[in-house]
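Q: Handing over entry.pdb, PDB, C-alpha atoms.
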MODEL        1
ATOM      1  CA  MET V   1      17.323  21.902 -56.933  1.00  0.00           C
ATOM      2  CA  VAL V   2      18.518  20.147 -60.096  1.00  0.00           C
ATOM      3  CA  THR V   3      19.135  16.415 -59.885  1.00  0.00           C
ATOM      4  CA  LYS V   4      22.698  15.431 -60.768  1.00  0.00           C
ATOM      5  CA  ARG V   5      22.761  13.428 -63.993  1.00  0.00           C
ATOM      6  CA  GLN V   6      24.354  10.004 -63.513  1.00  0.00           C
ATOM      7  CA  VAL V   7      24.827   8.877 -67.121  1.00  0.00           C
ATOM      8  CA  ARG V   8      28.602   8.551 -66.784  1.00  0.00           C
ATOM      9  CA  GLU V   9      28.493   6.471 -63.602  1.00  0.00           C
ATOM     10  CA  GLU V  10      28.773   2.694 -63.648  1.00  0.00           C
ATOM     11  CA  GLY V  11      25.440   0.941 -64.128  1.00  0.00           C
ATOM     12  CA  HIS V  12      23.786   3.924 -65.791  1.00  0.00           C
ATOM     13  CA  ARG V  13      22.930   4.614 -69.442  1.00  0.00           C
ATOM     14  CA  ARG V  14      22.113   7.880 -71.143  1.00  0.00           C
ATOM     15  CA  LYS V  15      18.426   8.326 -71.900  1.00  0.00           C
ATOM     16  CA  PHE V  16      16.673  10.681 -74.273  1.00  0.00           C
ATOM     17  CA  LEU V  17      13.165  11.857 -73.425  1.00  0.00           C
ATOM     18  CA  ALA V  18      10.466  12.506 -76.031  1.00  0.00           C
ATOM     19  CA  VAL V  19       6.992  13.806 -75.309  1.00  0.00           C
ATOM     20  CA  VAL V  20       4.066  11.954 -76.851  1.00  0.00           C
ATOM     21  CA  ASP V  21       0.938  13.947 -77.615  1.00  0.00           C
ATOM     22  CA  SER V  22      -1.677  14.348 -80.323  1.00  0.00           C
ATOM     23  CA  THR V  23       0.227  16.938 -82.363  1.00  0.00           C
ATOM     24  CA  PRO V  24       1.280  16.088 -85.919  1.00  0.00           C
ATOM     25  CA  GLU V  25       4.911  16.970 -85.140  1.00  0.00           C
ATOM     26  CA  CYS V  26       5.121  14.336 -82.393  1.00  0.00           C
ATOM     27  CA  ALA V  27       6.146  11.673 -84.933  1.00  0.00           C
ATOM     28  CA  LYS V  28       9.105  13.826 -86.058  1.00  0.00           C
ATOM     29  CA  ALA V  29      10.427  14.075 -82.503  1.00  0.00           C
ATOM     30  CA  ILE V  30      10.088  10.340 -81.944  1.00  0.00           C
ATOM     31  CA  HIS V  31      11.693   9.546 -85.300  1.00  0.00           C
ATOM     32  CA  TYR V  32      14.690  11.748 -84.509  1.00  0.00           C
ATOM     33  CA  ALA V  33      14.998  10.482 -80.929  1.00  0.00           C
ATOM     34  CA  ALA V  34      14.720   6.802 -81.895  1.00  0.00           C
ATOM     35  CA  ARG V  35      17.304   7.122 -84.662  1.00  0.00           C
ATOM     36  CA  ARG V  36      19.637   9.105 -82.414  1.00  0.00           C
ATOM     37  CA  VAL V  37      19.528   6.737 -79.420  1.00  0.00           C
ATOM     38  CA  ALA V  38      19.981   3.734 -81.722  1.00  0.00           C
ATOM     39  CA  GLY V  39      23.045   5.410 -83.211  1.00  0.00           C
ATOM     40  CA  ILE V  40      24.730   6.093 -79.872  1.00  0.00           C
ATOM     41  CA  ASP V  41      23.514   3.033 -77.959  1.00  0.00           C
ATOM     42  CA  ALA V  42      21.367   4.951 -75.497  1.00  0.00           C
ATOM     43  CA  ASP V  43      17.801   4.464 -74.263  1.00  0.00           C
ATOM     44  CA  LEU V  44      14.574   6.271 -75.082  1.00  0.00           C
ATOM     45  CA  VAL V  45      11.880   7.333 -72.646  1.00  0.00           C
ATOM     46  CA  LEU V  46       8.481   8.362 -73.971  1.00  0.00           C
ATOM     47  CA  VAL V  47       6.222  10.379 -71.697  1.00  0.00           C
ATOM     48  CA  TYR V  48       2.553  11.229 -72.118  1.00  0.00           C
ATOM     49  CA  VAL V  49       1.166  13.929 -69.851  1.00  0.00           C
ATOM     50  CA  ILE V  50      -2.459  13.789 -68.735  1.00  0.00           C
ATOM     51  CA  GLU V  51      -3.615  17.242 -67.799  1.00  0.00           C
ATOM     52  CA  PRO V  52      -5.795  17.192 -64.677  1.00  0.00           C
ATOM     53  CA  ALA V  53      -9.535  17.546 -65.146  1.00  0.00           C
ATOM     54  CA  ASP V  54     -11.350  20.223 -63.193  1.00  0.00           C
ATOM     55  CA  PHE V  55     -14.424  18.340 -61.982  1.00  0.00           C
ATOM     56  CA  GLN V  56     -13.747  18.351 -58.259  1.00  0.00           C
ATOM     57  CA  HIS V  57     -17.436  18.632 -57.362  1.00  0.00           C
ATOM     58  CA  TRP V  58     -18.400  15.678 -59.547  1.00  0.00           C
ATOM     59  CA  LEU V  59     -16.084  12.935 -58.361  1.00  0.00           C
ATOM     60  CA  GLY V  60     -17.650  10.212 -60.544  1.00  0.00           C
ATOM     61  CA  VAL V  61     -17.170  12.340 -63.666  1.00  0.00           C
ATOM     62  CA  GLU V  62     -13.546  13.050 -62.735  1.00  0.00           C
ATOM     63  CA  ASP V  63     -12.841   9.323 -62.281  1.00  0.00           C
ATOM     64  CA  VAL V  64     -14.374   8.498 -65.675  1.00  0.00           C
ATOM     65  CA  MET V  65     -12.417  11.305 -67.360  1.00  0.00           C
ATOM     66  CA  ARG V  66      -9.176  10.148 -65.727  1.00  0.00           C
ATOM     67  CA  ALA V  67      -9.782   6.551 -66.859  1.00  0.00           C
ATOM     68  CA  GLU V  68     -10.527   7.715 -70.422  1.00  0.00           C
ATOM     69  CA  ALA V  69      -7.414   9.906 -70.432  1.00  0.00           C
ATOM     70  CA  THR V  70      -5.291   6.996 -69.187  1.00  0.00           C
ATOM     71  CA  THR V  71      -6.648   4.735 -71.932  1.00  0.00           C
ATOM     72  CA  GLU V  72      -5.899   7.435 -74.518  1.00  0.00           C
ATOM     73  CA  ALA V  73      -2.381   7.891 -73.098  1.00  0.00           C
ATOM     74  CA  GLU V  74      -1.637   4.181 -73.210  1.00  0.00           C
ATOM     75  CA  ALA V  75      -2.859   3.942 -76.822  1.00  0.00           C
ATOM     76  CA  ALA V  76      -0.742   6.935 -77.859  1.00  0.00           C
ATOM     77  CA  LEU V  77       2.325   5.480 -76.112  1.00  0.00           C
ATOM     78  CA  ALA V  78       1.764   2.099 -77.800  1.00  0.00           C
ATOM     79  CA  LYS V  79       1.658   3.819 -81.205  1.00  0.00           C
ATOM     80  CA  ALA V  80       4.741   5.915 -80.386  1.00  0.00           C
ATOM     81  CA  SER V  81       6.578   2.811 -79.158  1.00  0.00           C
ATOM     82  CA  GLN V  82       5.774   1.122 -82.466  1.00  0.00           C
ATOM     83  CA  TRP V  83       7.275   4.135 -84.273  1.00  0.00           C
ATOM     84  CA  ALA V  84      10.421   3.882 -82.119  1.00  0.00           C
ATOM     85  CA  VAL V  85      10.823   0.239 -83.115  1.00  0.00           C
ATOM     86  CA  GLU V  86      10.217   1.134 -86.764  1.00  0.00           C
ATOM     87  CA  PHE V  87      12.518   4.167 -86.847  1.00  0.00           C
ATOM     88  CA  GLY V  88      15.345   2.984 -84.610  1.00  0.00           C
ATOM     89  CA  GLY V  89      14.825  -0.662 -83.789  1.00  0.00           C
ATOM     90  CA  ILE V  90      14.573   0.187 -80.097  1.00  0.00           C
ATOM     91  CA  THR V  91      11.941  -0.512 -77.463  1.00  0.00           C
ATOM     92  CA  PRO V  92      11.382   2.571 -75.327  1.00  0.00           C
ATOM     93  CA  GLU V  93      10.428   2.941 -71.706  1.00  0.00           C
ATOM     94  CA  THR V  94       6.982   4.565 -71.408  1.00  0.00           C
ATOM     95  CA  ILE V  95       5.594   6.807 -68.692  1.00  0.00           C
ATOM     96  CA  VAL V  96       2.165   8.305 -68.103  1.00  0.00           C
ATOM     97  CA  HIS V  97       2.317  11.327 -65.805  1.00  0.00           C
ATOM     98  CA  GLU V  98      -0.493  13.564 -64.630  1.00  0.00           C
ATOM     99  CA  GLY V  99      -0.098  17.321 -64.251  1.00  0.00           C
ATOM    100  CA  THR V 100       0.526  20.445 -66.224  1.00  0.00           C
ATOM    101  CA  PRO V 101       2.852  19.572 -69.130  1.00  0.00           C
ATOM    102  CA  THR V 102       5.920  21.585 -68.120  1.00  0.00           C
ATOM    103  CA  ALA V 103       5.747  20.576 -64.442  1.00  0.00           C
ATOM    104  CA  ALA V 104       5.027  16.917 -65.237  1.00  0.00           C
ATOM    105  CA  ILE V 105       7.913  16.680 -67.690  1.00  0.00           C
ATOM    106  CA  GLU V 106      10.291  18.350 -65.254  1.00  0.00           C
ATOM    107  CA  ALA V 107       9.177  15.851 -62.573  1.00  0.00           C
ATOM    108  CA  VAL V 108       9.980  12.947 -64.920  1.00  0.00           C
ATOM    109  CA  ILE V 109      13.418  14.460 -65.605  1.00  0.00           C
ATOM    110  CA  GLU V 110      14.126  15.018 -61.911  1.00  0.00           C
ATOM    111  CA  ASN V 111      13.023  11.475 -61.000  1.00  0.00           C
ATOM    112  CA  ASP V 112      15.358   9.808 -63.511  1.00  0.00           C
ATOM    113  CA  PRO V 113      18.988  10.945 -63.272  1.00  0.00           C
ATOM    114  CA  ASP V 114      19.819   9.069 -66.493  1.00  0.00           C
ATOM    115  CA  ILE V 115      17.696  11.347 -68.683  1.00  0.00           C
ATOM    116  CA  ALA V 116      20.248  13.600 -70.338  1.00  0.00           C
ATOM    117  CA  LEU V 117      18.403  15.240 -73.236  1.00  0.00           C
ATOM    118  CA  MET V 118      14.855  15.956 -74.375  1.00  0.00           C
ATOM    119  CA  VAL V 119      13.702  15.915 -77.990  1.00  0.00           C
ATOM    120  CA  LEU V 120      10.776  18.074 -79.104  1.00  0.00           C
ATOM    121  CA  ALA V 121       9.494  18.935 -82.560  1.00  0.00           C
ATOM    122  CA  ALA V 122       8.406  22.438 -83.458  1.00  0.00           C
ATOM    123  CA  GLY V 123       4.960  22.864 -84.937  1.00  0.00           C
ATOM    124  CA  ASP V 124       4.412  24.846 -88.100  1.00  0.00           C
ATOM    125  CA  SER V 125       1.017  26.366 -87.372  1.00  0.00           C
ATOM    126  CA  ASN V 126       0.212  30.058 -87.193  1.00  0.00           C
ATOM    127  CA  ASP V 127      -0.147  29.636 -83.419  1.00  0.00           C
ATOM    128  CA  GLY V 128       3.598  29.176 -83.017  1.00  0.00           C
ATOM    129  CA  PRO V 129       5.966  26.262 -82.541  1.00  0.00           C
ATOM    130  CA  GLY V 130       3.906  24.623 -79.786  1.00  0.00           C
ATOM    131  CA  PRO V 131       3.526  25.176 -76.048  1.00  0.00           C
ATOM    132  CA  LEU V 132       6.588  23.220 -74.903  1.00  0.00           C
ATOM    133  CA  VAL V 133       8.918  24.762 -77.480  1.00  0.00           C
ATOM    134  CA  SER V 134       7.504  28.180 -76.583  1.00  0.00           C
ATOM    135  CA  ALA V 135       8.097  27.455 -72.897  1.00  0.00           C
ATOM    136  CA  ILE V 136      11.794  26.782 -73.415  1.00  0.00           C
ATOM    137  CA  ALA V 137      12.218  29.762 -75.703  1.00  0.00           C
ATOM    138  CA  GLY V 138      10.218  32.252 -73.680  1.00  0.00           C
ATOM    139  CA  SER V 139      11.431  31.664 -70.148  1.00  0.00           C
ATOM    140  CA  GLY V 140      15.116  31.188 -70.749  1.00  0.00           C
ATOM    141  CA  GLY V 141      14.752  27.432 -70.474  1.00  0.00           C
ATOM    142  CA  ALA V 142      11.914  25.627 -68.769  1.00  0.00           C
ATOM    143  CA  PHE V 143      13.779  22.347 -68.266  1.00  0.00           C
ATOM    144  CA  SER V 144      16.911  21.289 -66.403  1.00  0.00           C
ATOM    145  CA  ILE V 145      18.451  19.379 -69.342  1.00  0.00           C
ATOM    146  CA  PRO V 146      19.333  20.337 -72.917  1.00  0.00           C
ATOM    147  CA  VAL V 147      16.515  20.238 -75.455  1.00  0.00           C
ATOM    148  CA  THR V 148      16.844  19.389 -79.139  1.00  0.00           C
ATOM    149  CA  VAL V 149      14.090  20.930 -81.264  1.00  0.00           C
ATOM    150  CA  VAL V 150      13.410  19.142 -84.545  1.00  0.00           C
ATOM    151  CA  PRO V 151      11.901  21.328 -87.281  1.00  0.00           C
ATOM    152  CA  THR V 152       8.660  19.809 -88.519  1.00  0.00           C
ATOM    153  CA  THR V 153       9.702  20.693 -92.080  1.00  0.00           C
ATOM    154  CA  LEU V 154      12.325  17.914 -92.056  1.00  0.00           C
ATOM    155  CA  THR V 155      11.340  14.828 -93.998  1.00  0.00           C
ATOM    156  CA  ASP V 156      11.972  11.346 -92.650  1.00  0.00           C
ATOM    157  CA  GLU V 157      14.880  11.091 -95.084  1.00  0.00           C
ATOM    158  CA  ASP V 158      16.312  14.387 -93.777  1.00  0.00           C
ATOM    159  CA  ILE V 159      16.164  13.056 -90.222  1.00  0.00           C
ATOM    160  CA  ASP V 160      17.835   9.807 -91.271  1.00  0.00           C
ATOM    161  CA  ASP V 161      20.643  11.801 -92.907  1.00  0.00           C
ATOM    162  CA  LEU V 162      21.215  13.852 -89.744  1.00  0.00           C
ATOM    163  CA  VAL V 163      21.621  11.095 -87.190  1.00  0.00           C
TER
ENDMDL
END
Could you write out this structure as structure tokens?
A:
Amino acid sequence: MVTKRQVREEGHRRKFLAVVDSTPECAKAIHYAARRVAGIDADLVLVYVIEPADFQHWLGVEDVMRAEATTEAEAALAKASQWAVEFGGITPETIVHEGTPTAAIEAVIENDPDIALMVLAAGDSNDGPGPLVSAIAGSGGAFSIPVTVVPTTLTDEDIDDLV
């Protein structure tokens, strides 16, 4: 079941969602999203997904790996938040969520009825545009909200001209 979006109801504001990860194109998505939400007076949510470790038999190792992943996520979100301030003058909401990327992102979307659009950037490697962009293209849409895909070939100046 798809959660009804509430962005037009009193007391709610439209939010854009951007995924933070270690890919080089991540900065393009955040740049676009930050500039766009600043231009329309919306809010930005940044999510970092920690993929679950498979060390069920070694509980101590799993706990250490989870703690390290959480530290890495928080550092990446701090850097991405700094970019959002730099690019759009906005302070984003940040979320760390554990799970497979597509399922975790969909859970974030379903848990916040104010999230109205997701911004991703396409990679330019020989492996394709990236797993999340491939997921939306290959399955007829993996998410319950519209997705804007920013080409990684755009310069910062190009992005500024578009929003």
Q: Work out how far atom CA of Val45 of chain V is from atom CA of Ser81 of chain V, in Å to one decimal.
A: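 We find that atom CA of Ser81 of chain V and atom CA of Val45 of chain V lie 9.5 Å from each other.
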Q: Quick one, how far is atom CA of Thr148 of chain V from atom CA of Glu72 of chain V?
A: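 Atom CA of Thr148 of chain V sits 26.1 Å away from atom CA of Glu72 of chain V.
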Q: With all atoms listed in the file as the counted atoms, please give the residues lying no more than 10 Å from Arg14 of chain V, apart from itself and same-chain residues fewer than 3 positions off, as a PyMOL selection string.
A: chain V and resi 5-9+37+40-44+113-117
Q: I need the chosen residues saved as a PDB file, in the coordinates of the input, with C-alpha atoms.
A:
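File written: result17.pdb
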ATOM      1  CA  ARG V   5      22.761  13.428 -63.993  1.00  0.00           C
ATOM      2  CA  GLN V   6      24.354  10.004 -63.513  1.00  0.00           C
ATOM      3  CA  VAL V   7      24.827   8.877 -67.121  1.00  0.00           C
ATOM      4  CA  ARG V   8      28.602   8.551 -66.784  1.00  0.00           C
ATOM      5  CA  GLU V   9      28.493   6.471 -63.602  1.00  0.00           C
ATOM      6  CA  VAL V  37      19.528   6.737 -79.420  1.00  0.00           C
ATOM      7  CA  ILE V  40      24.730   6.093 -79.872  1.00  0.00           C
ATOM      8  CA  ASP V  41      23.514   3.033 -77.959  1.00  0.00           C
ATOM      9  CA  ALA V  42      21.367   4.951 -75.497  1.00  0.00           C
ATOM     10  CA  ASP V  43      17.801   4.464 -74.263  1.00  0.00           C
ATOM     11  CA  LEU V  44      14.574   6.271 -75.082  1.00  0.00           C
ATOM     12  CA  PRO V 113      18.988  10.945 -63.272  1.00  0.00           C
ATOM     13  CA  ASP V 114      19.819   9.069 -66.493  1.00  0.00           C
ATOM     14  CA  ILE V 115      17.696  11.347 -68.683  1.00  0.00           C
ATOM     15  CA  ALA V 116      20.248  13.600 -70.338  1.00  0.00           C
ATOM     16  CA  LEU V 117      18.403  15.240 -73.236  1.00  0.00           C
TER      17      LEU V 117
END
Q: Would you mind telling me which residue in V:Ile145, V:Val150, V:Ala78, V:Ala69 lies nearest to Val119 of chain V when using all atoms listed in the file?
A: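 Nearest to Val119 of chain V: V:Val150.
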Q: Which residue gives the smallest distance to Pro52 of chain V among V:Pro146, V:Pro101, V:Gly11, V:Gly39, with all atoms listed in the file counted?
A: V:Pro101
Q: In Å, how far is it from atom CA of Ala121 of chain V to atom CA of Glu98 of chain V?
A: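 Here the two named atoms are 21.2 Å from each other.
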Q: Using only C-alpha atoms, which residue out of V:Ile50, V:Ala73, V:Ala84, V:Ala107 lies closest to Ile30 of chain V?
A: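 Closest residue, counting only C-alpha atoms: V:Ala84.
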Q: Take the point (9.8, 6.2, -65.8) in the file's coordinates, draw a sphere of radius 10 Å around it, and report as a PyMOL selection string every protein, DNA or RNA residue with an atom inside or on it, counting all atoms listed in the file.
A: chain V and resi 45-47+93-97+108-109+111-112+115
Q: Quick one: of V:Thr70, V:Leu120, V:Arg35, V:Val49, who's nearest to Thr91 of chain V, counting all atoms listed in the file?
A: V:Arg35
Q: Quick one: everything within 8 Å of Arg36 of chain V, counting all atoms listed in the file, minus sequence neighbours fewer than 4 positions away in the same chain. Send it as a list in words.
A: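 Listed by chain and then number, they are Tyr32, Ile40, Gly88 and Val163 of chain V.
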Q: Taking all atoms listed in the file into account, which of V:Ala80, V:Ala29, V:Ala53, V:Ala34 comes nearest Glu68 of chain V?
A: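 Closest to Glu68 of chain V, using all atoms listed in the file: V:Ala53.
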Q: Please list as a list in words every residue within 12 Å of Thr155 of chain V, counting only C-alpha atoms and excluding residues in the same chain fewer than 2 positions away.
A: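 Non-adjacent residues within range: Glu25, Ala27, Lys28, Ala29, His31, Tyr32, Val150, Pro151, Thr152, Thr153, Glu157, Asp158, Ile159, Asp160, Asp161 and Leu162 of chain V.
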Q: Now that the selection is made, can you save its residues with C-alpha atoms as a compact mmCIF listing (two decimals), in the frame of the given file?
A:
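Heads up, here's the output in selection_5.txt:
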# COMPACT_ATOMS: atom_id res chain seq x y z
CA GLU V 25 4.91 16.97 -85.14
CA ALA V 27 6.15 11.67 -84.93
CA LYS V 28 9.10 13.83 -86.06
CA ALA V 29 10.43 14.08 -82.50
CA HIS V 31 11.69 9.55 -85.30
CA TYR V 32 14.69 11.75 -84.51
CA VAL V 150 13.41 19.14 -84.54
CA PRO V 151 11.90 21.33 -87.28
CA THR V 152 8.66 19.81 -88.52
CA THR V 153 9.70 20.69 -92.08
CA GLU V 157 14.88 11.09 -95.08
CA ASP V 158 16.31 14.39 -93.78
CA ILE V 159 16.16 13.06 -90.22
CA ASP V 160 17.84 9.81 -91.27
CA ASP V 161 20.64 11.80 -92.91
CA LEU V 162 21.22 13.85 -89.74
Q: Under the rule that only C-alpha atoms are counted, which of V:Glu62, V:Glu10, V:Glu86, V:Glu51 is the nearest residue to Ile105 of chain V?
A: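 Smallest distance to Ile105 of chain V is found for V:Glu51.
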